[in-house]
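For reference, coords-v7.cif (mmCIF, C-alpha atoms):
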```cif
data_data
#
loop_
_atom_site.group_PDB
_atom_site.id
_atom_site.type_symbol
_atom_site.label_atom_id
_atom_site.label_comp_id
_atom_site.auth_asym_id
_atom_site.auth_seq_id
_atom_site.Cartn_x
_atom_site.Cartn_y
_atom_site.Cartn_z
ATOM 1 C CA MET C 1 155.275 167.721 -40.571
ATOM 2 C CA PRO C 2 154.702 171.496 -40.552
ATOM 3 C CA ASP C 3 151.644 172.668 -38.690
ATOM 4 C CA SER C 4 148.501 173.509 -40.600
ATOM 5 C CA ALA C 5 146.601 176.755 -40.281
ATOM 6 C CA SER C 6 143.332 174.994 -39.576
ATOM 7 C CA ASN C 7 142.132 173.798 -36.187
ATOM 8 C CA ARG C 8 144.945 175.612 -34.428
ATOM 9 C CA LYS C 9 144.713 177.502 -31.164
ATOM 10 C CA PRO C 10 146.415 180.901 -30.836
ATOM 11 C CA ARG C 11 149.906 180.594 -29.404
ATOM 12 C CA THR C 12 151.591 183.012 -27.056
ATOM 13 C CA GLY C 13 155.099 184.428 -26.843
ATOM 14 C CA VAL C 14 157.717 183.414 -29.385
ATOM 15 C CA ALA C 15 155.583 180.385 -30.270
ATOM 16 C CA ALA C 16 153.132 182.806 -31.914
ATOM 17 C CA LEU C 17 155.709 183.387 -34.658
ATOM 18 C CA THR C 18 155.064 179.851 -35.899
ATOM 19 C CA GLN C 19 151.829 181.277 -37.308
ATOM 20 C CA ALA C 20 153.610 184.001 -39.268
ATOM 21 C CA GLY C 21 152.936 183.801 -42.985
ATOM 22 C CA ASP C 22 149.517 182.176 -42.605
ATOM 23 C CA GLY C 23 147.629 185.429 -42.158
ATOM 24 C CA ASP C 24 146.232 184.658 -38.688
ATOM 25 C CA PHE C 25 148.850 186.322 -36.483
ATOM 26 C CA SER C 26 147.590 188.473 -33.598
ATOM 27 C CA VAL C 27 149.786 190.504 -31.260
ATOM 28 C CA ILE C 28 147.027 190.521 -28.631
ATOM 29 C CA ASP C 29 146.866 186.728 -28.705
ATOM 30 C CA ALA C 30 150.662 186.534 -28.715
ATOM 31 C CA ILE C 31 150.937 188.400 -25.418
ATOM 32 C CA GLY C 32 148.179 186.347 -23.790
ATOM 33 C CA GLY C 33 145.150 188.522 -24.519
ATOM 34 C CA PRO C 34 143.866 191.352 -22.300
ATOM 35 C CA ARG C 35 143.539 189.061 -19.292
ATOM 36 C CA GLY C 36 147.042 187.685 -19.772
ATOM 37 C CA VAL C 37 148.451 191.227 -19.884
ATOM 38 C CA VAL C 38 146.680 192.158 -16.650
ATOM 39 C CA GLU C 39 147.782 188.966 -14.912
ATOM 40 C CA SER C 40 151.382 189.511 -15.998
ATOM 41 C CA MET C 41 151.624 193.153 -14.958
ATOM 42 C CA LEU C 42 149.401 193.331 -11.876
ATOM 43 C CA PRO C 43 151.691 191.620 -9.297
ATOM 44 C CA GLY C 44 154.652 193.810 -10.248
ATOM 45 C CA PHE C 45 152.483 196.923 -10.309
ATOM 46 C CA VAL C 46 151.036 196.170 -6.878
ATOM 47 C CA PHE C 47 154.497 195.394 -5.485
ATOM 48 C CA VAL C 48 156.076 198.702 -6.481
ATOM 49 C CA VAL C 49 153.024 200.854 -5.637
ATOM 50 C CA MET C 50 152.468 199.285 -2.230
ATOM 51 C CA PHE C 51 156.144 199.426 -1.276
ATOM 52 C CA VAL C 52 156.431 203.086 -2.298
ATOM 53 C CA ILE C 53 153.321 203.941 -0.270
ATOM 54 C CA THR C 54 153.993 201.845 2.842
ATOM 55 C CA SER C 55 157.772 201.149 2.801
ATOM 56 C CA ASP C 56 156.756 197.876 4.475
ATOM 57 C CA LEU C 57 158.481 195.027 2.639
ATOM 58 C CA ARG C 58 156.730 192.297 4.604
ATOM 59 C CA ALA C 59 153.232 193.575 3.855
ATOM 60 C CA THR C 60 154.172 194.226 0.236
ATOM 61 C CA VAL C 61 155.442 190.680 -0.248
ATOM 62 C CA LEU C 62 152.371 189.136 1.412
ATOM 63 C CA VAL C 63 149.879 191.148 -0.647
ATOM 64 C CA SER C 64 151.733 190.435 -3.901
ATOM 65 C CA ALA C 65 151.885 186.714 -3.096
ATOM 66 C CA VAL C 66 148.173 186.545 -2.280
ATOM 67 C CA LEU C 67 147.312 188.404 -5.479
ATOM 68 C CA ALA C 68 149.368 186.023 -7.634
ATOM 69 C CA ALA C 69 147.731 183.009 -5.967
ATOM 70 C CA VAL C 70 144.230 184.475 -6.419
ATOM 71 C CA GLN C 71 144.852 184.766 -10.166
ATOM 72 C CA VAL C 72 145.564 181.048 -10.403
ATOM 73 C CA VAL C 73 142.600 180.118 -8.201
ATOM 74 C CA ALA C 74 140.309 182.293 -10.336
ATOM 75 C CA ARG C 75 141.325 180.396 -13.466
ATOM 76 C CA LEU C 76 140.805 177.075 -11.712
ATOM 77 C CA ILE C 77 137.304 178.102 -10.620
ATOM 78 C CA GLN C 78 136.481 179.227 -14.152
ATOM 79 C CA ARG C 79 137.996 176.017 -15.562
ATOM 80 C CA GLN C 80 140.358 177.914 -17.807
ATOM 81 C CA SER C 81 143.942 177.149 -18.756
ATOM 82 C CA VAL C 82 146.220 177.814 -15.795
ATOM 83 C CA MET C 83 149.609 177.166 -17.378
ATOM 84 C CA GLY C 84 150.342 180.827 -18.037
ATOM 85 C CA ALA C 85 149.128 181.864 -14.614
ATOM 86 C CA LEU C 86 151.122 179.069 -12.950
ATOM 87 C CA SER C 87 154.342 180.019 -14.737
ATOM 88 C CA GLY C 88 153.733 183.610 -13.703
ATOM 89 C CA LEU C 89 153.102 182.488 -10.123
ATOM 90 C CA VAL C 90 156.402 180.604 -10.023
ATOM 91 C CA SER C 91 158.273 183.626 -11.385
ATOM 92 C CA VAL C 92 156.621 186.002 -8.924
ATOM 93 C CA ALA C 93 157.263 183.560 -6.072
ATOM 94 C CA ILE C 94 160.987 183.468 -6.859
ATOM 95 C CA CYS C 95 161.111 187.270 -6.942
ATOM 96 C CA LEU C 96 159.200 187.619 -3.684
ATOM 97 C CA VAL C 97 161.299 185.028 -1.868
ATOM 98 C CA TRP C 98 164.462 186.751 -3.052
ATOM 99 C CA ALA C 99 163.249 190.130 -1.770
ATOM 100 C CA TRP C 100 162.025 188.626 1.517
ATOM 101 C CA HIS C 101 165.207 186.667 2.175
ATOM 102 C CA SER C 102 167.516 189.618 1.429
ATOM 103 C CA HIS C 103 165.285 192.150 3.217
ATOM 104 C CA GLU C 104 165.677 194.467 0.220
ATOM 105 C CA ALA C 105 162.777 195.380 -2.035
ATOM 106 C CA ARG C 106 165.064 195.972 -5.015
ATOM 107 C CA ASN C 107 166.003 192.266 -5.054
ATOM 108 C CA TYR C 108 162.477 191.524 -6.248
ATOM 109 C CA TYR C 109 163.952 192.331 -9.678
ATOM 110 C CA MET C 110 167.159 190.303 -9.403
ATOM 111 C CA PHE C 111 165.684 187.150 -10.980
ATOM 112 C CA GLY C 112 164.701 189.211 -14.012
ATOM 113 C CA PHE C 113 168.266 190.464 -14.397
ATOM 114 C CA ILE C 114 169.593 186.922 -14.330
ATOM 115 C CA THR C 115 167.110 185.593 -16.881
ATOM 116 C CA ASN C 116 167.769 188.521 -19.228
ATOM 117 C CA ALA C 117 171.522 187.990 -18.947
ATOM 118 C CA VAL C 118 171.144 184.266 -19.683
ATOM 119 C CA TYR C 119 169.044 185.011 -22.764
ATOM 120 C CA ILE C 120 171.645 187.487 -24.010
ATOM 121 C CA VAL C 121 174.434 184.917 -23.663
ATOM 122 C CA LEU C 122 172.472 182.117 -25.351
ATOM 123 C CA LEU C 123 171.277 184.290 -28.230
ATOM 124 C CA GLY C 124 174.738 185.817 -28.622
ATOM 125 C CA ILE C 125 176.339 182.382 -28.882
ATOM 126 C CA SER C 126 173.775 181.327 -31.468
ATOM 127 C CA LEU C 127 174.528 184.423 -33.551
ATOM 128 C CA ILE C 128 178.260 183.761 -33.415
ATOM 129 C CA ALA C 129 177.650 180.150 -34.442
ATOM 130 C CA ARG C 130 175.413 181.386 -37.307
ATOM 131 C CA VAL C 131 172.564 179.178 -36.051
ATOM 132 C CA PRO C 132 169.919 181.722 -34.994
ATOM 133 C CA GLY C 133 168.461 180.841 -31.619
ATOM 134 C CA LEU C 134 165.021 182.238 -32.410
ATOM 135 C CA GLY C 135 165.001 180.205 -35.608
ATOM 136 C CA LEU C 136 165.703 177.025 -33.670
ATOM 137 C CA VAL C 137 162.877 177.737 -31.238
ATOM 138 C CA VAL C 138 160.309 178.741 -33.854
ATOM 139 C CA GLU C 139 161.100 175.878 -36.233
ATOM 140 C CA PHE C 140 161.203 173.338 -33.409
ATOM 141 C CA ILE C 141 157.713 174.373 -32.320
ATOM 142 C CA ARG C 142 156.413 174.676 -35.880
ATOM 143 C CA SER C 143 157.580 171.279 -37.086
ATOM 144 C CA LEU C 144 158.836 169.047 -34.292
ATOM 145 C CA PRO C 145 161.745 167.005 -35.726
ATOM 146 C CA THR C 146 160.758 163.590 -34.410
ATOM 147 C CA GLU C 147 162.844 161.987 -37.156
ATOM 148 C CA HIS C 148 165.199 162.990 -39.970
ATOM 149 C CA PHE C 149 166.704 165.736 -37.818
ATOM 150 C CA ARG C 150 169.335 166.624 -40.413
ATOM 151 C CA ASP C 151 166.700 167.141 -43.124
ATOM 152 C CA TRP C 152 164.632 169.265 -40.736
ATOM 153 C CA PHE C 153 167.651 171.379 -39.775
ATOM 154 C CA ARG C 154 168.912 171.891 -43.306
ATOM 155 C CA GLY C 155 165.364 172.522 -44.530
ATOM 156 C CA TRP C 156 165.179 175.961 -42.912
ATOM 157 C CA MET C 157 168.884 176.720 -42.484
ATOM 158 C CA ASP C 158 169.454 176.410 -46.254
ATOM 159 C CA ASP C 159 166.585 178.802 -46.947
ATOM 160 C CA LYS C 160 168.736 181.959 -47.024
ATOM 161 C CA PRO C 161 165.942 184.567 -46.749
ATOM 162 C CA LEU C 162 164.360 182.698 -43.835
ATOM 163 C CA LYS C 163 167.667 182.190 -42.063
ATOM 164 C CA ARG C 164 168.509 185.874 -42.561
ATOM 165 C CA ALA C 165 165.177 186.824 -41.013
ATOM 166 C CA TYR C 166 165.821 184.521 -38.058
ATOM 167 C CA MET C 167 169.292 186.011 -37.564
ATOM 168 C CA THR C 168 167.765 189.492 -37.560
ATOM 169 C CA ILE C 169 165.077 188.760 -34.984
ATOM 170 C CA THR C 170 167.572 186.865 -32.820
ATOM 171 C CA ALA C 171 169.737 189.992 -32.747
ATOM 172 C CA LEU C 172 166.611 192.077 -32.091
ATOM 173 C CA TRP C 173 165.623 190.026 -29.036
ATOM 174 C CA ALA C 174 169.178 190.019 -27.703
ATOM 175 C CA GLY C 175 169.077 193.807 -28.027
ATOM 176 C CA VAL C 176 165.793 194.017 -26.106
ATOM 177 C CA PHE C 177 167.209 191.989 -23.232
ATOM 178 C CA ALA C 178 170.399 194.060 -23.248
ATOM 179 C CA LEU C 179 168.442 197.327 -23.227
ATOM 180 C CA ARG C 180 166.487 196.168 -20.199
ATOM 181 C CA LEU C 181 169.703 195.558 -18.270
ATOM 182 C CA PHE C 182 171.248 198.818 -19.508
ATOM 183 C CA VAL C 183 168.321 200.831 -18.134
ATOM 184 C CA GLN C 184 167.388 198.845 -15.040
ATOM 185 C CA VAL C 185 170.696 197.771 -13.492
ATOM 186 C CA PRO C 186 171.793 201.372 -12.710
ATOM 187 C CA LEU C 187 168.426 201.928 -11.004
ATOM 188 C CA TYR C 188 168.981 198.761 -8.986
ATOM 189 C CA LEU C 189 172.481 199.802 -7.948
ATOM 190 C CA SER C 190 171.222 203.214 -6.837
ATOM 191 C CA ASP C 191 168.314 201.543 -4.944
ATOM 192 C CA ARG C 192 165.615 203.529 -6.737
ATOM 193 C CA VAL C 193 162.862 200.978 -6.277
ATOM 194 C CA ALA C 194 160.029 203.141 -7.613
ATOM 195 C CA TRP C 195 161.865 204.001 -10.830
ATOM 196 C CA LEU C 196 163.110 200.438 -11.175
ATOM 197 C CA GLY C 197 159.596 199.047 -10.816
ATOM 198 C CA THR C 198 158.257 201.548 -13.331
ATOM 199 C CA ALA C 199 161.006 200.723 -15.824
ATOM 200 C CA ARG C 200 160.357 197.019 -15.323
ATOM 201 C CA LEU C 201 156.658 197.449 -16.107
ATOM 202 C CA LEU C 202 157.223 199.664 -19.143
ATOM 203 C CA MET C 203 159.948 197.405 -20.529
ATOM 204 C CA GLY C 204 157.996 194.233 -19.797
ATOM 205 C CA ILE C 205 154.766 193.524 -21.703
ATOM 206 C CA PRO C 206 154.983 196.656 -23.941
ATOM 207 C CA PHE C 207 158.505 195.758 -25.102
ATOM 208 C CA TRP C 208 157.487 192.102 -25.395
ATOM 209 C CA ALA C 209 154.547 193.000 -27.637
ATOM 210 C CA LEU C 210 156.657 195.353 -29.766
ATOM 211 C CA ALA C 211 159.419 192.760 -30.203
ATOM 212 C CA ILE C 212 156.920 190.081 -31.249
ATOM 213 C CA TRP C 213 155.210 192.450 -33.709
ATOM 214 C CA VAL C 214 158.477 193.571 -35.334
ATOM 215 C CA SER C 215 159.650 189.943 -35.439
ATOM 216 C CA TYR C 216 156.441 189.011 -37.235
ATOM 217 C CA LEU C 217 156.958 191.760 -39.817
ATOM 218 C CA ILE C 218 160.488 190.503 -40.464
ATOM 219 C CA VAL C 219 159.658 186.787 -40.601
ATOM 220 C CA ALA C 220 156.207 186.724 -42.227
ATOM 221 C CA THR C 221 157.215 186.993 -45.905
ATOM 222 C CA PRO C 222 160.161 184.552 -45.910
ATOM 223 C CA MET C 223 158.202 182.079 -43.780
ATOM 224 C CA HIS C 224 155.213 182.296 -46.135
ATOM 225 C CA ARG C 225 157.487 181.519 -49.080
ATOM 226 C CA HIS C 226 159.080 178.694 -47.129
ATOM 227 C CA ARG C 227 155.671 177.196 -46.350
ATOM 228 C CA GLU C 228 154.685 177.410 -50.008
ATOM 229 C CA LEU C 229 157.890 175.609 -50.978
ATOM 230 C CA GLU C 230 157.204 172.902 -48.385
ATOM 231 C CA ARG C 231 153.706 172.411 -49.731
ATOM 232 C CA ALA C 232 154.995 172.209 -53.287
ATOM 233 C CA VAL C 233 157.532 169.563 -52.263
ATOM 234 C CA GLN C 234 154.817 167.608 -50.433
ATOM 235 C CA ARG C 235 152.518 167.735 -53.469
ATOM 236 C CA GLN C 236 155.334 166.607 -55.741
ATOM 237 C CA SER C 237 156.154 163.767 -53.366
ATOM 238 C CA ALA C 238 152.489 162.709 -53.228
ATOM 239 C CA ASP C 239 152.190 162.820 -57.017
ATOM 240 C CA SER C 240 155.340 160.722 -57.373
ATOM 241 C CA GLY C 241 153.955 158.208 -54.896
ATOM 242 C CA ASP C 242 150.672 157.976 -56.804
ATOM 243 C CA LEU C 243 152.532 157.468 -60.071
ATOM 244 C CA THR C 244 154.680 154.725 -58.563
ATOM 245 C CA ALA C 245 151.564 153.010 -57.191
ATOM 246 C CA GLU C 246 149.911 153.100 -60.616
ATOM 247 C CA ARG C 247 152.945 151.582 -62.284
ATOM 248 C CA GLY C 248 153.120 148.887 -59.643
#
```

Please rewrite the model in this file as structure tokens.
Amino acid sequence: MPDSASNRKPRTGVAALTQAGDGDFSVIDAIGGPRGVVESMLPGFVFVVMFVITSDLRATVLVSAVLAAVQVVARLIQRQSVMGALSGLVSVAICLVWAWHSHEARNYYMFGFITNAVYIVLLGISLIARVPGLGLVVEFIRSLPTEHFRDWFRGWMDDKPLKRAYMTITALWAGVFALRLFVQVPLYLSDRVAWLGTARLLMGIPFWALAIWVSYLIVATPMHRHRELERAVQRQSADSGDLTAERG
């Protein structure tokens, strides 16, 4: 069943688009709130600033690792959700290990290149197949198809305005990932760590927030209409069930 607007916690990332069309979408909530933004950007900011100042990769890695761990511990002490912080810790840990093992600061950003490239390939394949990847993700989260998968799939795929919107935002996100690689890979190859770190920060949360906001603008109207149609079908089904019960 589709999710209801009531009693629902704000979602982050692409999952926030499941709330499009219900009038309660928030970009700030979608990117994790002010604290989530700080926690996401701080390790990378500290890494690039400290390395530029000290040129000491070992010290830079240690400080960045301690900072990422402190963020998780702080949430545990305050009894807050740690899932976002933990996922960020894992990502930062992979980056730090890669830089440490290779003895090159620029390899801190290699994991990001790989993930962006994977996203581009997956989204590109979905566009070629005419089954928008972002649509699959959003609809899967919005109304988990525990049964009647075909009806669930056709329900949103046959809604042409909604599918068109999903195709558009899928292409948009593929473009964002491609732009990141287009700008950052040359900086990596030329070993300009300071510029690479700056580009990574500027094209991280800010681009993420912009992509989510534009995606919301594109999806909100067709999703609202789709929700209204779903509700109308549900009401009609309930009325038919009541009528059948009365006749029985």

Taking the file above as input, evaluate the PyMOL selection byres ((chain C and resi 26-37) around 7) and report the hits as a list in words. Pro10, Arg11, Thr12, Gly13, Ala16, Asp24, Phe25, Val38, Glu39, Ser40, Met41, Ile205, Ala209 and Trp213 of chain C

Once 4 Å is added on each side, what are the centre and the three edge lengths, in Å to one decimal, of the axis-aligned box enclosing the listed atoms of segment 33-48 of chain C? Present them as JSON.
```
{"center_x": 149.8, "center_y": 193.2, "center_z": -15.0, "size_x": 20.5, "size_y": 19.0, "size_z": 27.0}
```

Trp156 of chain C: which residues within 10 Å, counting only C-alpha atoms, same-chain residues fewer than 2 positions away excluded, as a VMD selection string? chain C and resid 135 to 136 139 151 to 154 158 to 163 166 223 226

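Atom CA of Val131 of chain C sits 13.0 Å away from atom CA of Gly155 of chain C.
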
Could the residues of segment 27-57 of chain C that have an atom at most 9 Å from segment 97-105 of chain C be listed as a Markdown table, each with its closest atom pair and the distance in Å to one decimal, counting all atoms listed in the file and ordered by chain and ascending residue number?
```
| residue | atom | partner | partner_atom | distance |
| --- | --- | --- | --- | --- |
| C:Phe47 | CA | C:Ala105 | CA | 9.0 |
| C:Val48 | CA | C:Ala105 | CA | 8.7 |
| C:Phe51 | CA | C:Ala105 | CA | 7.8 |
| C:Leu57 | CA | C:Ala105 | CA | 6.4 |
```

Mind telling me what the PyMOL selection byres ((chain C and resi 190-200) around 8) catches here, as a VMD selection string? chain C and resid 44 to 45 48 to 49 52 105 to 106 180 183 to 184 186 to 189 201 to 204

Selection file, C-alpha atoms, as a short mmCIF file (atom, residue, chain, number, x, y, z; two decimals), keeping the file's coordinate frame:
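The resulting file, part.cif, is shown below:
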```cif
data_model
loop_
_atom_site.label_atom_id
_atom_site.label_comp_id
_atom_site.auth_asym_id
_atom_site.auth_seq_id
_atom_site.Cartn_x
_atom_site.Cartn_y
_atom_site.Cartn_z
CA GLY C 44 154.65 193.81 -10.25
CA PHE C 45 152.48 196.92 -10.31
CA VAL C 48 156.08 198.70 -6.48
CA VAL C 49 153.02 200.85 -5.64
CA VAL C 52 156.43 203.09 -2.30
CA ALA C 105 162.78 195.38 -2.04
CA ARG C 106 165.06 195.97 -5.01
CA ARG C 180 166.49 196.17 -20.20
CA VAL C 183 168.32 200.83 -18.13
CA GLN C 184 167.39 198.84 -15.04
CA PRO C 186 171.79 201.37 -12.71
CA LEU C 187 168.43 201.93 -11.00
CA TYR C 188 168.98 198.76 -8.99
CA LEU C 189 172.48 199.80 -7.95
CA LEU C 201 156.66 197.45 -16.11
CA LEU C 202 157.22 199.66 -19.14
CA MET C 203 159.95 197.40 -20.53
CA GLY C 204 158.00 194.23 -19.80
#
```

Please tabulate, as a tab-separated table, the residues of segment 88-206 of chain C that come within 9 Å of segment 215-221 of chain C, each with its closest pair of atoms and the distance in Å to one decimal, counting all atoms listed in the file and ordering rows by chain, then residue number upward.
```
residue	atom	partner	partner_atom	distance
C:Leu162	CA	C:Val219	CA	7.0
C:Ala165	CA	C:Val219	CA	5.5
C:Tyr166	CA	C:Val219	CA	7.0
C:Thr168	CA	C:Ile218	CA	7.9
C:Ile169	CA	C:Ser215	CA	5.6
C:Thr170	CA	C:Ser215	CA	8.9
C:Leu172	CA	C:Ser215	CA	8.0
C:Trp173	CA	C:Ser215	CA	8.8
```

So which residues touch Gly124 of chain C within 9 Å, counting all atoms listed in the file, skipping near sequence neighbours fewer than 3 positions away, as an mmCIF file with C-alpha atoms, in the frame of the given file?
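This is the output file part-v2.cif:
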```
data_model
loop_
_atom_site.group_PDB
_atom_site.id
_atom_site.type_symbol
_atom_site.label_atom_id
_atom_site.label_comp_id
_atom_site.auth_asym_id
_atom_site.auth_seq_id
_atom_site.Cartn_x
_atom_site.Cartn_y
_atom_site.Cartn_z
ATOM 1 C CA TYR C 119 169.044 185.011 -22.764
ATOM 2 C CA ILE C 120 171.645 187.487 -24.010
ATOM 3 C CA VAL C 121 174.434 184.917 -23.663
ATOM 4 C CA LEU C 127 174.528 184.423 -33.551
ATOM 5 C CA ILE C 128 178.260 183.761 -33.415
ATOM 6 C CA ALA C 129 177.650 180.150 -34.442
ATOM 7 C CA PRO C 132 169.919 181.722 -34.994
ATOM 8 C CA GLY C 133 168.461 180.841 -31.619
ATOM 9 C CA THR C 170 167.572 186.865 -32.820
ATOM 10 C CA ALA C 171 169.737 189.992 -32.747
ATOM 11 C CA ALA C 174 169.178 190.019 -27.703
#
```

Could you pull the residues within 7 Å of segment 89-94 of chain C, counting all atoms listed in the file, minus those fewer than 6 positions along the same chain, as a PyMOL selection string? chain C and resi 65+68-69

Do you have the atom CA of Val138 of chain C-atom CA of Ala20 of chain C distance handy? 10.1 Å

Atom pair atom CA of Leu42 of chain C + atom CA of Val66 of chain C, distance 11.8 Å

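Between Asn107 of chain C and the residues C:Ile77, C:Val14, C:Pro43, C:Val61, the shortest atom-to-atom distance, using only C-alpha atoms, involves C:Val61.
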